[in-house]
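Novice: Provided below: model-v4.json, containing JSON, C-alpha atoms.
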[["chain", "number", "residue", "atom", "x", "y", "z"],
["A", 16, "MET", "CA", -58.10, -191.01, -58.78],
["A", 17, "LYS", "CA", -55.14, -189.08, -57.35],
["A", 18, "TYR", "CA", -51.84, -188.36, -59.08],
["A", 19, "THR", "CA", -48.58, -187.04, -57.63],
["A", 20, "ILE", "CA", -46.69, -184.55, -59.80],
["A", 21, "GLY", "CA", -42.97, -183.86, -59.57],
["A", 22, "ALA", "CA", -41.77, -180.30, -60.22],
["A", 23, "ARG", "CA", -39.08, -177.85, -59.18],
["A", 24, "GLY", "CA", -39.93, -175.68, -56.20],
["A", 25, "SER", "CA", -39.49, -172.38, -58.03],
["A", 26, "GLN", "CA", -42.45, -170.04, -58.38],
["A", 27, "LEU", "CA", -42.39, -170.48, -62.17],
["A", 28, "SER", "CA", -42.32, -174.26, -61.99],
["A", 29, "LEU", "CA", -45.17, -174.34, -59.49],
["A", 30, "ALA", "CA", -47.18, -171.87, -61.60],
["A", 31, "GLN", "CA", -46.65, -174.05, -64.68],
["A", 32, "THR", "CA", -47.72, -177.13, -62.75],
["A", 33, "LYS", "CA", -50.83, -175.31, -61.54],
["A", 34, "LEU", "CA", -51.72, -174.49, -65.16],
["A", 35, "VAL", "CA", -51.36, -178.15, -66.11],
["A", 36, "ILE", "CA", -53.55, -179.22, -63.16],
["A", 37, "SER", "CA", -56.18, -176.66, -64.20],
["A", 38, "GLU", "CA", -56.34, -178.04, -67.74],
["A", 39, "LEU", "CA", -56.41, -181.67, -66.59],
["A", 40, "THR", "CA", -59.17, -180.93, -64.11],
["A", 41, "LYS", "CA", -61.25, -179.38, -66.88],
["A", 42, "SER", "CA", -60.95, -182.62, -68.85],
["A", 43, "ASP", "CA", -61.92, -184.73, -65.80],
["A", 44, "PRO", "CA", -63.13, -182.98, -62.61],
["A", 45, "GLN", "CA", -62.90, -186.26, -60.66],
["A", 46, "ILE", "CA", -59.08, -186.30, -60.78],
["A", 47, "ASN", "CA", -57.08, -185.00, -57.80],
["A", 48, "PHE", "CA", -53.44, -183.98, -57.69],
["A", 49, "ASP", "CA", -50.63, -183.55, -55.18],
["A", 50, "VAL", "CA", -47.47, -181.62, -56.10],
["A", 51, "LYS", "CA", -44.09, -182.82, -54.80],
["A", 52, "PRO", "CA", -41.39, -180.10, -55.11],
["A", 53, "ILE", "CA", -37.97, -181.59, -55.93],
["A", 54, "LYS", "CA", -34.64, -179.74, -55.91],
["A", 55, "THR", "CA", -32.41, -180.13, -58.96],
["A", 56, "GLN", "CA", -28.74, -179.44, -59.59],
["A", 57, "GLY", "CA", -29.72, -176.28, -61.44],
["A", 58, "ASP", "CA", -31.43, -174.98, -58.29],
["A", 59, "THR", "CA", -28.36, -175.43, -56.10],
["A", 60, "ASP", "CA", -25.51, -174.62, -58.52],
["A", 61, "SER", "CA", -25.13, -170.84, -58.89],
["A", 62, "ARG", "CA", -22.55, -170.93, -61.69],
["A", 63, "PRO", "CA", -23.48, -169.47, -65.10],
["A", 64, "LEU", "CA", -25.39, -172.16, -67.00],
["A", 65, "PHE", "CA", -22.89, -172.36, -69.86],
["A", 66, "THR", "CA", -20.08, -173.35, -67.45],
["A", 67, "ILE", "CA", -21.94, -176.47, -66.28],
["A", 68, "ASP", "CA", -20.97, -179.29, -68.64],
["A", 69, "GLN", "CA", -24.09, -181.38, -68.08],
["A", 70, "LYS", "CA", -27.46, -181.73, -69.74],
["A", 71, "GLY", "CA", -30.72, -181.86, -67.84],
["A", 72, "ILE", "CA", -29.55, -179.97, -64.75],
["A", 73, "PHE", "CA", -33.11, -178.71, -64.15],
["A", 74, "GLU", "CA", -34.89, -182.02, -64.67],
["A", 75, "LYS", "CA", -32.72, -185.06, -63.96],
["A", 76, "GLU", "CA", -33.66, -185.50, -60.29],
["A", 77, "ILE", "CA", -37.35, -185.01, -61.05],
["A", 78, "ASP", "CA", -37.36, -187.54, -63.89],
["A", 79, "ARG", "CA", -35.54, -190.00, -61.63],
["A", 80, "ALA", "CA", -38.46, -189.66, -59.20],
["A", 81, "VAL", "CA", -40.84, -190.51, -62.05],
["A", 82, "ALA", "CA", -38.80, -193.56, -63.05],
["A", 83, "GLN", "CA", -38.63, -194.78, -59.42],
["A", 84, "HIS", "CA", -42.43, -194.42, -58.95],
["A", 85, "GLU", "CA", -42.03, -191.65, -56.36],
["A", 86, "VAL", "CA", -44.25, -189.42, -58.52],
["A", 87, "ASP", "CA", -46.59, -190.24, -61.40],
["A", 88, "PHE", "CA", -45.38, -187.62, -63.86],
["A", 89, "ALA", "CA", -43.28, -184.45, -64.07],
["A", 90, "VAL", "CA", -43.87, -180.96, -65.44],
["A", 91, "HIS", "CA", -40.88, -179.14, -66.96],
["A", 92, "SER", "CA", -40.05, -176.13, -69.06],
["A", 93, "LEU", "CA", -39.47, -178.01, -72.30],
["A", 94, "LYS", "CA", -36.25, -176.21, -73.22],
["A", 95, "ASP", "CA", -34.71, -177.73, -70.04],
["A", 96, "VAL", "CA", -35.45, -181.29, -71.18],
["A", 97, "PRO", "CA", -32.67, -183.12, -73.10],
["A", 98, "SER", "CA", -33.61, -184.51, -76.50],
["A", 99, "LYS", "CA", -32.95, -188.05, -75.22],
["A", 100, "LEU", "CA", -34.79, -189.28, -72.11],
["A", 101, "ASP", "CA", -34.09, -192.41, -70.09],
["A", 102, "ASP", "CA", -35.33, -195.57, -71.81],
["A", 103, "ASP", "CA", -38.22, -196.06, -69.39],
["A", 104, "LEU", "CA", -39.54, -192.49, -69.72],
["A", 105, "THR", "CA", -41.48, -190.70, -72.44],
["A", 106, "LEU", "CA", -42.44, -187.14, -73.33],
["A", 107, "ALA", "CA", -46.11, -187.93, -72.77],
["A", 108, "CYS", "CA", -47.71, -184.54, -73.40],
["A", 109, "ILE", "CA", -46.99, -181.06, -74.76],
["A", 110, "PRO", "CA", -49.81, -178.61, -73.93],
["A", 111, "LYS", "CA", -50.45, -175.52, -76.06],
["A", 112, "ARG", "CA", -47.31, -173.47, -76.37],
["A", 113, "GLU", "CA", -46.98, -169.92, -75.02],
["A", 114, "MET", "CA", -45.29, -167.01, -76.84],
["A", 115, "VAL", "CA", -41.78, -168.01, -77.92],
["A", 116, "ASN", "CA", -40.11, -164.57, -78.00],
["A", 117, "ASP", "CA", -37.72, -162.91, -75.54],
["A", 118, "VAL", "CA", -38.38, -159.57, -73.85],
["A", 119, "PHE", "CA", -36.25, -156.62, -72.72],
["A", 120, "ILE", "CA", -36.77, -155.19, -69.22],
["A", 121, "SER", "CA", -34.86, -152.04, -68.23],
["A", 122, "ALA", "CA", -34.61, -149.85, -65.15],
["A", 123, "ASP", "CA", -35.75, -146.72, -67.00],
["A", 124, "ASN", "CA", -38.08, -148.45, -69.51],
["A", 125, "SER", "CA", -35.61, -147.91, -72.34],
["A", 126, "THR", "CA", -35.71, -150.26, -75.29],
["A", 127, "LEU", "CA", -32.66, -152.25, -76.35],
["A", 128, "GLU", "CA", -32.23, -149.84, -79.26],
["A", 129, "ALA", "CA", -32.41, -146.74, -77.04],
["A", 130, "ILE", "CA", -30.56, -147.79, -73.87],
["A", 131, "LYS", "CA", -27.39, -145.84, -73.12],
["A", 132, "PRO", "CA", -23.97, -147.09, -74.27],
["A", 133, "ASN", "CA", -22.07, -149.08, -71.62],
["A", 134, "SER", "CA", -25.30, -150.13, -69.95],
["A", 135, "VAL", "CA", -25.04, -153.50, -68.17],
["A", 136, "ILE", "CA", -27.47, -156.08, -69.49],
["A", 137, "GLY", "CA", -27.96, -159.40, -67.72],
["A", 138, "THR", "CA", -28.84, -162.73, -69.30],
["A", 139, "SER", "CA", -28.58, -166.39, -68.29],
["A", 140, "SER", "CA", -28.11, -167.53, -71.89],
["A", 141, "LEU", "CA", -25.13, -167.53, -74.27],
["A", 142, "ARG", "CA", -27.56, -167.30, -77.17],
["A", 143, "ARG", "CA", -29.10, -164.11, -75.83],
["A", 144, "ALA", "CA", -25.68, -162.69, -74.93],
["A", 145, "VAL", "CA", -24.48, -162.97, -78.52],
["A", 146, "GLN", "CA", -27.72, -161.63, -79.94],
["A", 147, "ILE", "CA", -27.59, -158.61, -77.61],
["A", 148, "SER", "CA", -23.98, -157.90, -78.58],
["A", 149, "ARG", "CA", -24.77, -158.17, -82.27],
["A", 150, "LYS", "CA", -27.61, -155.69, -81.88],
["A", 151, "ARG", "CA", -25.81, -153.36, -79.46],
["A", 152, "PRO", "CA", -22.02, -153.89, -79.47],
["A", 153, "ASP", "CA", -21.63, -150.81, -77.20],
["A", 154, "VAL", "CA", -23.30, -152.38, -74.12],
["A", 155, "ILE", "CA", -21.87, -154.72, -71.47],
["A", 156, "VAL", "CA", -23.43, -158.19, -71.22],
["A", 157, "LYS", "CA", -23.04, -160.02, -67.89],
["A", 158, "PRO", "CA", -24.28, -163.41, -66.68],
["A", 159, "ILE", "CA", -27.22, -163.36, -64.26],
["A", 160, "ARG", "CA", -28.75, -166.25, -62.31],
["A", 161, "GLY", "CA", -31.78, -166.63, -60.10],
["A", 162, "ASN", "CA", -35.48, -167.11, -60.69],
["A", 163, "ILE", "CA", -37.43, -164.65, -62.80],
["A", 164, "GLU", "CA", -38.55, -162.53, -59.85],
["A", 165, "THR", "CA", -34.96, -162.31, -58.54],
["A", 166, "ARG", "CA", -33.59, -161.31, -61.93],
["A", 167, "ILE", "CA", -36.23, -158.60, -62.34],
["A", 168, "LYS", "CA", -35.37, -157.19, -58.89],
["A", 169, "LYS", "CA", -31.72, -156.90, -59.94],
["A", 170, "VAL", "CA", -32.73, -154.40, -62.65],
["A", 171, "SER", "CA", -31.98, -151.35, -60.54],
["A", 172, "GLY", "CA", -29.39, -149.35, -62.45],
["A", 173, "GLU", "CA", -26.81, -150.43, -59.84],
["A", 174, "ASN", "CA", -26.06, -154.07, -60.70],
["A", 175, "TYR", "CA", -27.91, -154.32, -64.00],
["A", 176, "ASP", "CA", -29.50, -151.68, -66.19],
["A", 177, "ALA", "CA", -31.59, -154.25, -68.03],
["A", 178, "ILE", "CA", -32.19, -157.97, -68.52],
["A", 179, "VAL", "CA", -33.41, -160.21, -71.33],
["A", 180, "LEU", "CA", -35.59, -163.24, -70.63],
["A", 181, "ALA", "CA", -38.46, -165.27, -72.10],
["A", 182, "GLN", "CA", -41.92, -163.71, -72.25],
["A", 183, "ALA", "CA", -43.56, -167.06, -71.46],
["A", 184, "GLY", "CA", -42.25, -167.06, -67.90],
["A", 185, "ILE", "CA", -43.60, -163.59, -67.17],
["A", 186, "THR", "CA", -46.98, -164.51, -68.62],
["A", 187, "ARG", "CA", -47.28, -167.74, -66.63],
["A", 188, "LEU", "CA", -46.31, -165.99, -63.39],
["A", 189, "GLY", "CA", -48.63, -163.07, -64.07],
["A", 190, "ILE", "CA", -45.90, -160.57, -63.16],
["A", 191, "ASP", "CA", -46.83, -156.92, -63.60],
["A", 192, "VAL", "CA", -43.69, -155.47, -65.19],
["A", 193, "SER", "CA", -43.06, -153.23, -68.18],
["A", 194, "PHE", "CA", -41.18, -154.90, -71.01],
["A", 195, "THR", "CA", -40.45, -154.58, -74.70],
["A", 196, "PRO", "CA", -40.99, -157.70, -76.84],
["A", 197, "LEU", "CA", -37.91, -158.54, -78.91],
["A", 198, "SER", "CA", -38.30, -159.50, -82.55],
["A", 199, "ILE", "CA", -37.91, -163.20, -83.28],
["A", 200, "ASP", "CA", -35.99, -162.21, -86.42],
["A", 201, "ASP", "CA", -33.27, -160.68, -84.21],
["A", 202, "PHE", "CA", -33.64, -162.98, -81.21],
["A", 203, "TYR", "CA", -34.27, -166.52, -82.40],
["A", 204, "PRO", "CA", -35.53, -168.41, -79.31],
["A", 205, "SER", "CA", -34.02, -171.49, -77.78],
["A", 206, "PRO", "CA", -35.48, -174.72, -79.22],
["A", 207, "GLY", "CA", -38.57, -175.55, -77.18],
["A", 208, "GLN", "CA", -38.91, -172.09, -75.63],
["A", 209, "GLY", "CA", -42.43, -171.27, -74.47],
["A", 210, "ALA", "CA", -43.52, -174.91, -74.27],
["A", 211, "LEU", "CA", -44.12, -177.27, -71.35],
["A", 212, "ALA", "CA", -43.06, -180.91, -71.24],
["A", 213, "ILE", "CA", -44.91, -183.54, -69.22],
["A", 214, "VAL", "CA", -42.80, -186.66, -68.67],
["A", 215, "ALA", "CA", -44.27, -190.02, -67.61],
["A", 216, "ARG", "CA", -43.22, -193.67, -67.48],
["A", 217, "LYS", "CA", -43.52, -195.44, -70.83],
["A", 218, "ASP", "CA", -45.45, -198.35, -69.35],
["A", 219, "ASP", "CA", -47.96, -196.17, -67.49],
["A", 220, "THR", "CA", -50.57, -196.19, -70.25],
["A", 221, "LYS", "CA", -53.40, -194.98, -68.01],
["A", 222, "THR", "CA", -51.51, -191.82, -67.01],
["A", 223, "ILE", "CA", -50.38, -191.18, -70.57],
["A", 224, "GLN", "CA", -53.96, -191.44, -71.86],
["A", 225, "MET", "CA", -55.06, -188.95, -69.21],
["A", 226, "LEU", "CA", -52.27, -186.51, -70.13],
["A", 227, "LYS", "CA", -52.94, -186.77, -73.87],
["A", 228, "LYS", "CA", -56.30, -185.06, -73.30],
["A", 229, "ILE", "CA", -54.55, -181.69, -72.94],
["A", 230, "GLU", "CA", -51.95, -182.09, -75.69],
["A", 231, "ASP", "CA", -51.87, -179.52, -78.49],
["A", 232, "ASN", "CA", -51.06, -181.27, -81.77],
["A", 233, "ASP", "CA", -49.41, -178.31, -83.52],
["A", 234, "SER", "CA", -47.26, -177.54, -80.48],
["A", 235, "ARG", "CA", -46.15, -181.19, -80.37],
["A", 236, "LEU", "CA", -45.17, -181.21, -84.05],
["A", 237, "GLU", "CA", -43.31, -177.88, -83.83],
["A", 238, "ILE", "CA", -41.40, -179.06, -80.77],
["A", 239, "GLU", "CA", -40.48, -182.36, -82.41],
["A", 240, "ALA", "CA", -38.95, -180.48, -85.35],
["A", 241, "GLU", "CA", -36.96, -178.18, -83.05],
["A", 242, "ARG", "CA", -35.74, -181.04, -80.86],
["A", 243, "ALA", "CA", -34.67, -183.06, -83.91],
["A", 244, "LEU", "CA", -32.64, -180.07, -85.09],
["A", 245, "SER", "CA", -31.13, -179.51, -81.64],
["A", 246, "ASP", "CA", -30.23, -183.17, -81.29],
["A", 247, "PHE", "CA", -28.65, -183.30, -84.75],
["A", 248, "VAL", "CA", -26.31, -180.34, -84.12],
["A", 249, "ASP", "CA", -25.93, -181.04, -80.36],
["A", 250, "SER", "CA", -26.89, -177.53, -79.32],
["A", 251, "GLY", "CA", -27.38, -176.46, -75.71],
["A", 252, "CYS", "CA", -26.11, -174.11, -73.01],
["A", 253, "ARG", "CA", -22.52, -174.41, -74.29],
["A", 254, "PHE", "CA", -23.36, -173.90, -77.96],
["A", 255, "PRO", "CA", -26.15, -171.40, -78.62],
["A", 256, "VAL", "CA", -28.45, -172.17, -81.51],
["A", 257, "GLY", "CA", -31.72, -170.29, -81.97],
["A", 258, "ALA", "CA", -34.56, -172.14, -83.68],
["A", 259, "TYR", "CA", -38.31, -172.13, -83.99],
["A", 260, "ALA", "CA", -40.81, -174.08, -86.05],
["A", 261, "LYS", "CA", -44.29, -172.91, -87.01],
["A", 262, "SER", "CA", -47.20, -174.88, -88.44],
["A", 263, "ASN", "CA", -49.24, -173.43, -91.28],
["A", 264, "GLY", "CA", -52.05, -175.69, -92.42],
["A", 265, "GLN", "CA", -50.44, -178.95, -93.52],
["A", 266, "ASP", "CA", -47.01, -177.35, -93.83],
["A", 267, "MET", "CA", -44.35, -176.38, -91.35],
["A", 268, "ILE", "CA", -41.42, -173.98, -91.52],
["A", 269, "ILE", "CA", -38.35, -174.13, -89.30],
["A", 270, "LYS", "CA", -35.90, -171.25, -89.01],
["A", 271, "VAL", "CA", -32.47, -171.65, -87.44],
["A", 272, "ASN", "CA", -29.66, -169.27, -86.53],
["A", 273, "ALA", "CA", -26.22, -170.11, -85.12],
["A", 274, "PHE", "CA", -23.41, -167.69, -84.25],
["A", 275, "SER", "CA", -19.67, -167.59, -83.80],
["A", 276, "VAL", "CA", -18.24, -166.68, -80.38],
["A", 277, "ASP", "CA", -17.60, -163.07, -81.38],
["A", 278, "GLY", "CA", -20.99, -162.80, -83.07],
["A", 279, "GLN", "CA", -19.39, -161.79, -86.36],
["A", 280, "LYS", "CA", -20.34, -164.95, -88.21],
["A", 281, "SER", "CA", -23.85, -166.33, -88.37],
["A", 282, "LEU", "CA", -25.46, -169.25, -90.16],
["A", 283, "TYR", "CA", -29.11, -169.02, -91.20],
["A", 284, "VAL", "CA", -31.25, -171.92, -92.38],
["A", 285, "THR", "CA", -34.93, -171.96, -93.35],
["A", 286, "LYS", "CA", -36.66, -175.21, -94.28],
["A", 287, "THR", "CA", -40.27, -175.88, -95.24],
["A", 288, "GLY", "CA", -41.96, -179.28, -95.38],
["A", 289, "SER", "CA", -44.94, -181.34, -94.32],
["A", 290, "LYS", "CA", -45.80, -181.06, -90.65],
["A", 291, "ASP", "CA", -46.57, -184.80, -90.69],
["A", 292, "ASP", "CA", -42.81, -185.51, -90.56],
["A", 293, "PRO", "CA", -41.34, -182.92, -88.18],
["A", 294, "HIS", "CA", -38.33, -185.06, -87.30],
["A", 295, "SER", "CA", -37.24, -185.20, -90.94],
["A", 296, "LEU", "CA", -37.69, -181.43, -91.28],
["A", 297, "GLY", "CA", -35.55, -180.71, -88.23],
["A", 298, "LYS", "CA", -32.89, -183.15, -89.42],
["A", 299, "LYS", "CA", -32.78, -181.54, -92.88],
["A", 300, "ALA", "CA", -32.25, -178.13, -91.25],
["A", 301, "GLY", "CA", -29.43, -179.65, -89.20],
["A", 302, "GLU", "CA", -27.84, -181.21, -92.27],
["A", 303, "GLU", "CA", -27.83, -177.85, -94.04],
["A", 304, "LEU", "CA", -26.26, -176.24, -90.97],
["A", 305, "GLN", "CA", -23.53, -178.88, -91.08],
["A", 306, "GLN", "CA", -22.90, -178.20, -94.76],
["A", 307, "LYS", "CA", -22.48, -174.52, -93.88],
["A", 308, "GLY", "CA", -19.89, -175.26, -91.19],
["A", 309, "VAL", "CA", -21.81, -175.41, -87.92],
["A", 310, "LYS", "CA", -19.36, -177.96, -86.47],
["A", 311, "ASP", "CA", -16.58, -175.38, -86.61],
["A", 312, "LEU", "CA", -18.77, -172.88, -84.77],
["A", 313, "ALA", "CA", -19.65, -175.47, -82.11],
["A", 314, "LEU", "CA", -15.99, -176.37, -81.56],
["A", 315, "ASN", "CA", -15.10, -172.68, -81.37],
["A", 316, "TRP", "CA", -17.76, -172.16, -78.66],
["A", 317, "ARG", "CA", -16.78, -175.15, -76.57],
["A", 318, "GLU", "CA", -13.10, -174.18, -76.63],
["A", 319, "LYS", "CA", -14.06, -170.68, -75.49],
["A", 320, "VAL", "CA", -16.22, -172.00, -72.66],
["A", 321, "GLU", "CA", -13.36, -174.23, -71.47],
["A", 322, "GLU", "CA", -11.12, -171.17, -71.51],
["A", 323, "TRP", "CA", -13.64, -169.20, -69.41],
["A", 324, "ASN", "CA", -13.94, -172.08, -66.94],
["A", 325, "LYS", "CA", -10.18, -172.03, -66.27],
["A", 326, "LYS", "CA", -10.21, -168.35, -65.29]]
Mind turning the file's structure into structure tokens?

Specialist:
Amino acid sequence: MKYTIGARGSQLSLAQTKLVISELTKSDPQINFDVKPIKTQGDTDSRPLFTIDQKGIFEKEIDRAVAQHEVDFAVHSLKDVPSKLDDDLTLACIPKREMVNDVFISADNSTLEAIKPNSVIGTSSLRRAVQISRKRPDVIVKPIRGNIETRIKKVSGENYDAIVLAQAGITRLGIDVSFTPLSIDDFYPSPGQGALAIVARKDDTKTIQMLKKIEDNDSRLEIEAERALSDFVDSGCRFPVGAYAKSNGQDMIIKVNAFSVDGQKSLYVTKTGSKDDPHSLGKKAGEELQQKGVKDLALNWREKVEEWNKK
């Protein structure tokens, strides 16, 4: 049996797809795979991510190929996948999640705490930008685009003195670079960070059964809680909310952090419940955020982004 996989053409996307193929082949050595690279809007639009008022810019074209039977399934970074898929598609499999934390990479191997004042730090994420500024208000945070390898090369002391990105990407690419892990307590990750999403057609039961062989149950439940939270508060590139869920036996805890534009105000929520109902747990965290005024923060962010876009 041969399957065709849709994925972005970036080195990270292809590395992630290779990992998925490796795990699927272990479960059934008779299966063969072809990979079809597909360009997405996110690959061709060089604007900072928060200025693009669309969801799914790194996956829409690939999922369309799945829906139109051009490929059998798609492999994505899960944090790029909107909480609502097209009606004929399903999130068929979530393999075991990688580390969820961010890392700090600097030209002189300084840590975030020790880097010189007025250093220029690059990030592709509003969430990280605010978290950096809260930790070090004396540095300059600038948007940076490009794949992971490109961003690392820009850390030269000329354009950028340092960057912040997800550890999972470095691990999956096997890049040999010095970095400092950032504490999750200071840098809550994006919902879904560190996880992969495999999307298939809802009616393709044979493919779904094959993919389910490499699903990690705890990773699935944690992701479902985070996506329920994200969907409830409508977070994304234009409104940064950090969140992560963690299973512990039969229980699960979800921690959430949202910030104001200037980083001066923050809302923290921690909820614990049964991991058998992750959607309810994520929704309860979202409801508490709403009670604490998260809608005002979201409106504040979106107004600010519109202001930036007009400049």

Novice: As a VMD selection string, please: the residues near Ala144 (chain A) (cut-off 10 Å, all atoms listed in the file, same-chain neighbours under 2 positions excluded).

Specialist: chain A and resid 136 to 142 146 to 149 155 to 158 179 255 278

Novice: When distances are computed from only C-alpha atoms, which of A:Ser28, A:Ser245, A:Gln279, A:Ser234 shows the smallest separation from Cys108 (chain A)?

Specialist: A:Ser234

Novice: Mind pulling up the distance from CA of Val81 (chain A) to CA of Asp43 (chain A)?

Specialist: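 Separation of CA of Asp43 (chain A) and CA of Val81 (chain A): 22.2 Å.
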
Novice: Quick check, in Å to one decimal: how far apart do CA of Gly264 (chain A) and CA of Glu230 (chain A) lie?

Specialist: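 That distance, rounded to one decimal, is 17.9 Å.
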
Novice: So, counting only C-alpha atoms, which residue among A:Tyr203, A:Ser262, A:Leu39, A:Val214 is closest to Ala22 (chain A)?

Specialist: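 Closest residue, counting only C-alpha atoms: A:Val214.
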
Novice: At what distance in Å, to one decimal, does CA of Asp78 (chain A) lie from CA of Gly297 (chain A)?

Specialist: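 Distance between the two atoms: 25.3 Å.
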
Novice: Which is closest to Ala273 (chain A) among A:Thr165, A:Ser205, A:Asn232, A:Thr220, if we use all atoms listed in the file?

Specialist: A:Ser205

Novice: Excluding Thr32 (chain A) and any residue of its chain fewer than 2 positions from it, enumerate the residues within 12 Å of it, using all atoms listed in the file, and give them as number ranges by chain.

Specialist: A: 19-30, 34-39, 48-52, 88-92, 110, 187-188, 211-213

Novice: Just need the box for region 73-80 of chain A, edges along x, y and z, holding every atom the file lists for it with 6 Å tacked onto each side, so centre and edge lengths in Å to one decimal, as lines of an AutoDock Vina configuration file.

Specialist:
center_x = -35.6
center_y = -184.4
center_z = -61.9
size_x = 17.7
size_y = 23.3
size_z = 17.5

Novice: So, with only C-alpha atoms as the atoms that count, which of A:Asp123, A:Glu302, A:Asp266, A:Asp233 lies closest to Asp176 (chain A)?

Specialist: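 Of A:Asp123, A:Glu302, A:Asp266, A:Asp233, the one nearest Asp176 (chain A), counting only C-alpha atoms, is A:Asp123.
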
Novice: Determine the nearest neighbour of Asn272 (chain A) from the options A:Pro206, A:Pro97, A:Gly257, A:Gly308, counting only C-alpha atoms.

Specialist: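 Nearest to Asn272 (chain A): A:Gly257.
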